[in-house]
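What follows is a set of notes on a single structure, which appears directly below.
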Amino acid sequence: MGDVKTAGWFAPQNRKETIAGLLFVLPALIGFVTFVAGPMIATLVISLMKYDLFSAPTFVGLKNFQRMFVDPRLWKAFGNTATFAVFAVLGNVGLGVVLAVLLNRRMPKALQYIYRAAYFFPSLVGLIFVAVLWQFMFQRDIGIINYYLGKIGIGPVSWLSSPQVALISVIILDVWKNVGFAMLIAIAGLQSISTDYYDAARVDGARGWRTFWQITVPLLSPTILFLITMNTIGAFKVFESIVVLTNGGPGDATRSLVMYIYEQGFKSFNMGYASAISLLLLGVIVIITTIQFVLSKRWTFYE
Amino acid sequence: MGVLRLENVRKSFGAVPVIHGVDLEIPSGEFVVFVGPSGCGKSTLLRIIAGLEPVTAGQIKLDGIVVNNLEPAERRVAMVFQSYALYPHMTARKNMAFGLKIAGLSKHDIETRIADAARALQIEQLLDRIPKDLSGGQRQRVAIGRAIVREPQLFLFDEPLSNLDAALRVQTRIEIAKLHKLVDSTMIYVTHDQVEAMTLADRIVVMNSGRVEQVGTPLELYRQPRNLFVAGFIGSPMMNFLPVDIVESPRGRSAVGANGAAISFAGAPVGPATLGIRPENLSVAADGQGFIAGTLVLEEHLGEHRLIHAVAADGTELIAKLPDGPAYPADANLHFTFDPRHTHLFGADGVRIGSTQEQGTLEHA
């Protein structure tokens, strides 16, 4: 082309093009400012305030952040969220990849579609509905799970009312709901791997688990990294399913960070403190995602 | 070691048959090339031999033992893939070591074999790079190295040169030929490139639509093609095919061409046939002479020789390979003649009747 414009954006000869360009990005820009940048800046500002939604906010400096260090409920919620995230990510990604490998094998087409649809279906159902459904399943005395466990001699489990078990129940629901999506992404990733690698591995004598660990997993690593990142971010923001299933209980046994933010902001009207915790959550997600990407350089391979 | 025998090997994908019963014996140490157009089943046949594809019927024997149900590694075959299929997450060294580790070789043996192969292929300084950081030619060498270190009975190559540029292809072709002399294993090489087939092969297997059309040394195929397909496939530019009629004449059975010229075939049956003449056997005759007349379409000058493209009155396209010389005027009417000893006659069914090497004579009226 050769006509690289060296003058500024608003130099007379470029002005028209610049305005046209800005007009094209305007709709996206308005959305971004209104729903992303604006709230983020507001959160940042409010986190330095004492604000109860009714009276005018007052500036309190870093007081809201200092409060975090002496708030055991916050750290309980943080611990719950971190535990949930670790197991939900392991469950979703691990099981998702295993299911993908199983359903990517040669089998009758119809069977393949039925299985894939069955595992993916929960991803299509509204989360609230899923949670209500599992509420019934997890009931101690009339729940279907305990009914079948009883048949094989396992005593009734207090799925939702035992502090030790409730978080596990929440994780089970999350994996059941989201594993299909991870499976679908993993199947797409598997199908982009050339069958030549598998042929080469067979000629080299590799079979079964060795092929899975030494060929499939490394070649799928970019997909796995994507799944881990997306699932981690999602897991740290877990909210609705717990609200319906246990409402954070018993006690604070299943309360997540976002639930605690909601409680502080809209029940206790500590908007300043809620904003400060939001920033903590943002910081944690950014740090974890960064660590994942840095570490991923050691285990992901791009062709 | 490394005697391969195929007995009535058949393969169908679902209801679609792709290999229609192949019988072949490859003695130890031979370099055999499967050649044919795409879709002819040559790659499938190679994968069947490798053990990557099960046969529908028939037997594959290695050194007299049926290996139909053995995995590739158990057959002691090594394969070089068209895409190289180097594991992208492993260095060249690890790529070469992978199969050896699985086979349970000691660390020392693995290192020795890799070092030997790397030296032979001149890839010693590339061993710690991953495939992404290697050029196409370098990847090719590593892929060959991965095959060599396994010390297989049978080397299988699936169009290994088709991803390389022209210069590198010629160079690598020569190296594969050298490699064969070096390792002395049986090699089977699949290509659609007849030049690769002619230059590399001890014997060529020409395939078409899942059938073996002819098996022979490169020169046998060139001089005595069994049918029209082989005649057309081997040799470049392609052999000219002239539709002729074999008639009874006072001089015996003969085909009559333009200008009253006639070529006689003592053994041929009366009726329609196809006369095959290679472009290098055609020459331009004086006006009013020659067996075929055609209008010049295009002249390609290639330095040492030129290709004359012409079209005969009946629409038959002709190519003649002539020594270079002054260009003919556009649309020139050219008369072609040939040495009758270098013609091939095919019957109406496309099968070779015989060349005129002994009995044919060309007489101009």
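In the structure tokens, the first chain shown is A, the next is B, and so on; residue numbers restart at 1 for each chain, and ligands run from 1 in the order shown.
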
task: Give the residues of chain B that lie within 6 Å of chain A; count only C-alpha atoms, and format the answer as a PyMOL selection string.
output: chain B and resi 72-73+85+88-89+99

task: Please provide the set of residues having any atom within 8 Å of Trp159 of chain A, restricted to only C-alpha atoms, with same-chain residues fewer than 6 positions apart removed, written as a list in words.
output: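 After dropping sequence-adjacent residues, the list is Phe138, Gln139, Arg140, Val165, Ala166 and Ser169 of chain A.
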
message: Between atom CA of Ala268 of chain B and atom CA of Gly216 of chain B, what is the distance in Å, rounded to a tenth?
response: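 So the two atoms, atom CA of Ala268 of chain B and atom CA of Gly216 of chain B, lie 24.1 Å apart.
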
- request: Please identify all polymer residues within 10 Å of Phe226 of chain A, counting only C-alpha atoms, omitting same-chain residues fewer than 2 positions from it, and present them as a PyMOL selection string.
  value: chain A and resi 93+182+185-186+221-224+228-232+292-293

message: According to DSSP computed on the backbone, where in segment 37-149 of chain B is there strand (DSSP E)? Give the residues as number ranges by chain.
response: B: 57-62, 65-66, 77-80

Output C-alpha atoms of each residue in that selection to a file, as a PDB file, in the first residue's frame.
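File written: out30.pdb
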```
ATOM      1  CA  ALA B  57      -9.571 -60.539   3.865  1.00  0.00           C
ATOM      2  CA  GLY B  58      -6.266 -62.116   2.921  1.00  0.00           C
ATOM      3  CA  GLN B  59      -2.980 -62.623   4.682  1.00  0.00           C
ATOM      4  CA  ILE B  60       0.099 -60.579   5.402  1.00  0.00           C
ATOM      5  CA  LYS B  61       3.193 -62.641   6.100  1.00  0.00           C
ATOM      6  CA  LEU B  62       6.494 -61.393   7.378  1.00  0.00           C
ATOM      7  CA  ILE B  65       4.634 -65.740   9.729  1.00  0.00           C
ATOM      8  CA  VAL B  66       1.102 -64.368   9.454  1.00  0.00           C
ATOM      9  CA  VAL B  77       8.101 -51.971  11.066  1.00  0.00           C
ATOM     10  CA  ALA B  78       9.026 -48.292  11.113  1.00  0.00           C
ATOM     11  CA  MET B  79       7.175 -45.655   9.187  1.00  0.00           C
ATOM     12  CA  VAL B  80       7.964 -42.189   7.908  1.00  0.00           C
TER      13      VAL B  80
END
```
